[in-house]
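J.: Dumping the structure here so I can ask a few things about it.
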Amino acid sequence: RFWSYGAAVIVSLVALWSPVVLAQDPENPTTTALSRLKQILVRIFPMQRGLFEDKVSNLWFVSSLKPLRLPQRFLPTGWQPVAALAVTLVLCLPPCATLFQLGRRQQQQPSTSNKENIDTLSTLLLGASSTALSFFLGSFHVHEKSILLALAPTSLALVARRHGHNTIISNRDFLFLDWFAVVTAFSLWPLLVLDRLQAAYICTLVIYLCWRQLRKIALLAVTGTGDQYTIKLSW
């Protein structure tokens, strides 16, 4: 299955890139396929644009603020992509190792109950979010909107934990997932100001907070004690 997935990715990549690489540019017919391929790679890996973009809220931007200025003081320009790669690999190693162990355990002892399948799916979604967050925090010249790649799996994690008519979730996880969307949207504020979307952001935030409050009101019963509790939804 692993090799079939890899072959599907390679075939899809060749199918998508071949029209761009093989087609002649009418404005510049002297360009070769190799030069067009190089232009694609330069745009995918913008090494010449610097370690981070504008005010993206990742580790490199924070460490570049005064008085730290760690990249400027300790990282030569040529070594910055290598350092970003190393930091990204270190950050994504724990969730990847957790997901790998989960896959090995599922192969040895497949899930037999619906609750175990839901827990497995929740772990998979949270692991995908952690991996995306690792790339956002440590990658070279990451864009502000890349934080949305980490937000999407966490938003689905709440739905994945639904079991029958009840939703059994951790109180700590519930609060984290509930506010993660607010924090990630706020991290896009400089980009929203640049695109003049402040009003749309504030309106969307108010709608989300109202929906969050209505969701609390719609809870019919809360039972249980401790870190785990069961919520019965009215819809």
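To be explicit about the labels: the chains of the structure tokens are called A, B, and onward in the order shown, and within each one the residues are counted from 1, while ligands get numbers from 1 in the order they are shown.
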From segment 64-204 of chain A, collect each residue whose DSSP state is alpha helix (DSSP H) and return the set as a ChimeraX atom specification.

T.: /A:70-74,80-108,114-138,147-160,171-187,189-194,198-204

J.: Show me, as a list of chain:residue names, the residues that have an atom within 12 Å of Gln198 of chain A when counting only C-alpha atoms, minus same-chain residues fewer than 6 positions from it.

T.: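 So the residues in contact are A:Ala185, A:Phe186, A:Leu188, A:Trp189, A:Pro190, A:Leu191, A:Leu192, A:Thr204, A:Leu205.
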
J.: Export N, CA, C and O atoms of the chosen residues as a tab-separated table (two decimals), in the first residue's frame?

T.:
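Output file selection_27.tsv is given in full below:
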chain	number	residue	atom	x	y	z
A	185	ALA	N	-6.83	32.62	13.81
A	185	ALA	CA	-7.37	33.73	13.02
A	185	ALA	C	-6.73	35.05	13.43
A	185	ALA	O	-6.44	35.91	12.58
A	186	PHE	N	-6.48	35.23	14.71
A	186	PHE	CA	-5.83	36.47	15.17
A	186	PHE	C	-4.40	36.57	14.66
A	186	PHE	O	-3.89	37.68	14.42
A	188	LEU	N	-3.45	35.97	11.82
A	188	LEU	CA	-3.52	36.48	10.44
A	188	LEU	C	-3.83	37.97	10.39
A	188	LEU	O	-4.02	38.50	9.30
A	189	TRP	N	-3.88	38.64	11.52
A	189	TRP	CA	-4.30	40.04	11.56
A	189	TRP	C	-3.45	40.95	10.67
A	189	TRP	O	-4.01	41.78	9.93
A	190	PRO	N	-2.12	40.87	10.67
A	190	PRO	CA	-1.35	41.74	9.75
A	190	PRO	C	-1.72	41.54	8.29
A	190	PRO	O	-1.80	42.50	7.51
A	191	LEU	N	-1.95	40.29	7.90
A	191	LEU	CA	-2.35	40.01	6.52
A	191	LEU	C	-3.75	40.54	6.24
A	191	LEU	O	-4.02	41.05	5.14
A	192	LEU	N	-4.65	40.44	7.21
A	192	LEU	CA	-6.00	40.96	7.05
A	192	LEU	C	-6.00	42.48	6.92
A	192	LEU	O	-6.79	43.04	6.14
A	204	THR	N	-16.87	37.94	11.48
A	204	THR	CA	-16.76	36.48	11.55
A	204	THR	C	-16.43	36.02	12.96
A	204	THR	O	-16.97	35.01	13.44
A	205	LEU	N	-15.58	36.75	13.66
A	205	LEU	CA	-15.23	36.40	15.03
A	205	LEU	C	-16.45	36.51	15.95
A	205	LEU	O	-16.69	35.64	16.80

J.: List the neighbours of segment 129-142 of chain A out to 10 Å using only C-alpha atoms; skip same-chain residues closer than 2 positions along the sequence, and give me the result as an MDAnalysis selection string.

T.: chainID A and resid 45:54 56:61 80:96 123:127 144:155 157

J.: Could you turn the residues from that selection into a file that holds N, CA and C atoms, as a short mmCIF file (atom, residue, chain, number, x, y, z; two decimals), in the first residue's frame?

T.:
data_model
loop_
_atom_site.label_atom_id
_atom_site.label_comp_id
_atom_site.auth_asym_id
_atom_site.auth_seq_id
_atom_site.Cartn_x
_atom_site.Cartn_y
_atom_site.Cartn_z
N PHE A 45 10.27 26.72 -3.66
CA PHE A 45 11.27 26.87 -2.61
C PHE A 45 11.92 28.24 -2.76
N PRO A 46 11.29 29.30 -2.21
CA PRO A 46 11.81 30.67 -2.41
C PRO A 46 12.98 30.97 -1.47
N MET A 47 14.12 30.35 -1.73
CA MET A 47 15.28 30.53 -0.85
C MET A 47 15.80 31.96 -0.85
N GLN A 48 15.54 32.71 -1.90
CA GLN A 48 16.09 34.06 -2.00
C GLN A 48 15.24 35.10 -1.28
N ARG A 49 14.10 34.71 -0.72
CA ARG A 49 13.19 35.66 -0.10
C ARG A 49 13.43 35.87 1.39
N GLY A 50 14.32 35.12 1.99
CA GLY A 50 14.59 35.30 3.40
C GLY A 50 13.98 34.21 4.26
N LEU A 51 14.30 34.27 5.55
CA LEU A 51 13.92 33.21 6.48
C LEU A 51 12.43 33.20 6.78
N PHE A 52 11.79 34.35 6.84
CA PHE A 52 10.36 34.42 7.12
C PHE A 52 9.76 35.57 6.33
N GLU A 53 8.44 35.56 6.22
CA GLU A 53 7.73 36.54 5.40
C GLU A 53 6.97 37.51 6.29
N ASP A 54 7.28 38.81 6.16
CA ASP A 54 6.56 39.88 6.85
C ASP A 54 6.44 39.60 8.34
N VAL A 56 4.77 36.86 9.88
CA VAL A 56 4.24 35.52 10.14
C VAL A 56 4.64 35.10 11.56
N SER A 57 3.67 34.57 12.30
CA SER A 57 3.88 34.30 13.73
C SER A 57 4.48 32.91 13.94
N ASN A 58 5.72 32.72 13.48
CA ASN A 58 6.39 31.44 13.72
C ASN A 58 7.65 31.68 14.56
N LEU A 59 8.41 30.62 14.77
CA LEU A 59 9.57 30.71 15.65
C LEU A 59 10.63 31.65 15.10
N TRP A 60 10.82 31.67 13.80
CA TRP A 60 11.87 32.49 13.22
C TRP A 60 11.56 33.98 13.35
N PHE A 61 10.30 34.35 13.20
CA PHE A 61 9.94 35.75 13.37
C PHE A 61 10.13 36.19 14.82
N GLN A 80 20.63 29.17 6.78
CA GLN A 80 19.27 29.33 7.30
C GLN A 80 18.29 28.27 6.79
N PRO A 81 18.29 27.91 5.50
CA PRO A 81 17.40 26.80 5.07
C PRO A 81 17.71 25.48 5.76
N VAL A 82 18.99 25.21 6.00
CA VAL A 82 19.37 23.96 6.67
C VAL A 82 18.86 23.97 8.11
N ALA A 83 19.01 25.12 8.79
CA ALA A 83 18.52 25.22 10.17
C ALA A 83 17.01 25.10 10.23
N ALA A 84 16.31 25.69 9.25
CA ALA A 84 14.85 25.58 9.22
C ALA A 84 14.42 24.13 9.01
N LEU A 85 15.13 23.42 8.14
CA LEU A 85 14.82 22.01 7.92
C LEU A 85 15.03 21.19 9.19
N ALA A 86 16.13 21.45 9.90
CA ALA A 86 16.43 20.70 11.12
C ALA A 86 15.37 20.97 12.20
N VAL A 87 15.00 22.23 12.37
CA VAL A 87 13.99 22.58 13.38
C VAL A 87 12.65 21.95 13.04
N THR A 88 12.28 21.98 11.77
CA THR A 88 11.00 21.39 11.35
C THR A 88 10.98 19.88 11.60
N LEU A 89 12.07 19.19 11.29
CA LEU A 89 12.13 17.74 11.52
C LEU A 89 12.05 17.42 13.01
N VAL A 90 12.71 18.21 13.84
CA VAL A 90 12.66 17.97 15.28
C VAL A 90 11.25 18.18 15.82
N LEU A 91 10.57 19.22 15.34
CA LEU A 91 9.23 19.51 15.83
C LEU A 91 8.20 18.47 15.40
N CYS A 92 8.32 17.96 14.18
CA CYS A 92 7.31 17.01 13.68
C CYS A 92 7.65 15.57 14.04
N LEU A 93 8.81 15.32 14.63
CA LEU A 93 9.17 13.94 14.99
C LEU A 93 8.23 13.33 16.03
N PRO A 94 7.86 14.02 17.14
CA PRO A 94 6.95 13.39 18.13
C PRO A 94 5.60 13.00 17.55
N PRO A 95 4.86 13.89 16.84
CA PRO A 95 3.57 13.42 16.30
C PRO A 95 3.72 12.32 15.26
N CYS A 96 4.77 12.39 14.44
CA CYS A 96 4.97 11.33 13.44
C CYS A 96 5.27 10.00 14.11
N THR A 123 -6.93 10.76 17.09
CA THR A 123 -5.47 10.81 17.18
C THR A 123 -4.84 11.14 15.84
N LEU A 124 -5.39 10.58 14.76
CA LEU A 124 -4.88 10.86 13.43
C LEU A 124 -5.05 12.33 13.07
N LEU A 125 -6.20 12.90 13.39
CA LEU A 125 -6.45 14.31 13.08
C LEU A 125 -5.56 15.23 13.90
N LEU A 126 -5.42 14.93 15.19
CA LEU A 126 -4.55 15.76 16.03
C LEU A 126 -3.09 15.62 15.62
N GLY A 127 -2.69 14.42 15.18
CA GLY A 127 -1.34 14.24 14.69
C GLY A 127 -1.09 15.01 13.40
N GLU A 144 1.70 33.23 6.00
CA GLU A 144 0.80 33.37 7.14
C GLU A 144 -0.38 32.41 7.07
N LYS A 145 -0.92 32.21 5.87
CA LYS A 145 -2.12 31.38 5.73
C LYS A 145 -1.82 29.89 5.93
N SER A 146 -0.56 29.50 6.08
CA SER A 146 -0.25 28.09 6.32
C SER A 146 -0.77 27.60 7.66
N ILE A 147 -1.08 28.52 8.58
CA ILE A 147 -1.63 28.11 9.87
C ILE A 147 -2.99 27.44 9.68
N LEU A 148 -3.69 27.74 8.58
CA LEU A 148 -4.99 27.12 8.32
C LEU A 148 -4.87 25.63 8.07
N LEU A 149 -3.70 25.17 7.60
CA LEU A 149 -3.48 23.74 7.42
C LEU A 149 -3.47 23.00 8.76
N ALA A 150 -3.06 23.69 9.82
CA ALA A 150 -3.10 23.10 11.16
C ALA A 150 -4.49 23.23 11.79
N LEU A 151 -5.24 24.25 11.38
CA LEU A 151 -6.57 24.46 11.95
C LEU A 151 -7.60 23.45 11.43
N ALA A 152 -7.49 23.07 10.16
CA ALA A 152 -8.50 22.20 9.57
C ALA A 152 -8.63 20.85 10.30
N PRO A 153 -7.55 20.12 10.59
CA PRO A 153 -7.72 18.84 11.30
C PRO A 153 -8.27 19.01 12.72
N THR A 154 -7.87 20.07 13.42
CA THR A 154 -8.37 20.26 14.78
C THR A 154 -9.87 20.56 14.77
N SER A 155 -10.35 21.24 13.74
CA SER A 155 -11.78 21.50 13.64
C SER A 155 -12.56 20.21 13.43
N ALA A 157 -11.55 17.32 14.55
CA ALA A 157 -11.32 16.42 15.68
C ALA A 157 -12.53 16.38 16.62
#

J.: Based on the backbone DSSP call, show me all residues of segment 67-207 of chain A assigned strand (DSSP E), as JSON, numbers by chain.

T.: {"A": [162, 163, 166, 167, 168, 169, 170]}

J.: Report the distance between atom CA of Ser122 of chain A and atom CA of Gly103 of chain A in Å, rounded to one decimal place.

T.: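 Answer for the atom CA of Ser122 of chain A to atom CA of Gly103 of chain A separation: 13.3 Å.
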
J.: Quick one: everything within 12 Å of segment 104-108 of chain A, counting only C-alpha atoms, minus sequence neighbours fewer than 5 positions away in the same chain. Send it as a PyMOL selection string.

T.: chain A and resi 97-99+116-117+119-121

J.: Could you check how far atom CA of Trp179 of chain A sits from atom CA of Phe100 of chain A, in Å to one decimal?

T.: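 So the answer is 27.9 Å.
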
J.: Using only C-alpha atoms, which of A:Ser4, A:Thr77, A:Lys55, A:Trp17 sits nearest Leu41 of chain A?

T.: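 Smallest distance to Leu41 of chain A is found for A:Trp17.
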
J.: Between atom CA of Arg212 of chain A and atom CA of Asp178 of chain A, what distance in Å does the model show, to one decimal?

T.: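 Answer for the atom CA of Arg212 of chain A to atom CA of Asp178 of chain A separation: 8.3 Å.
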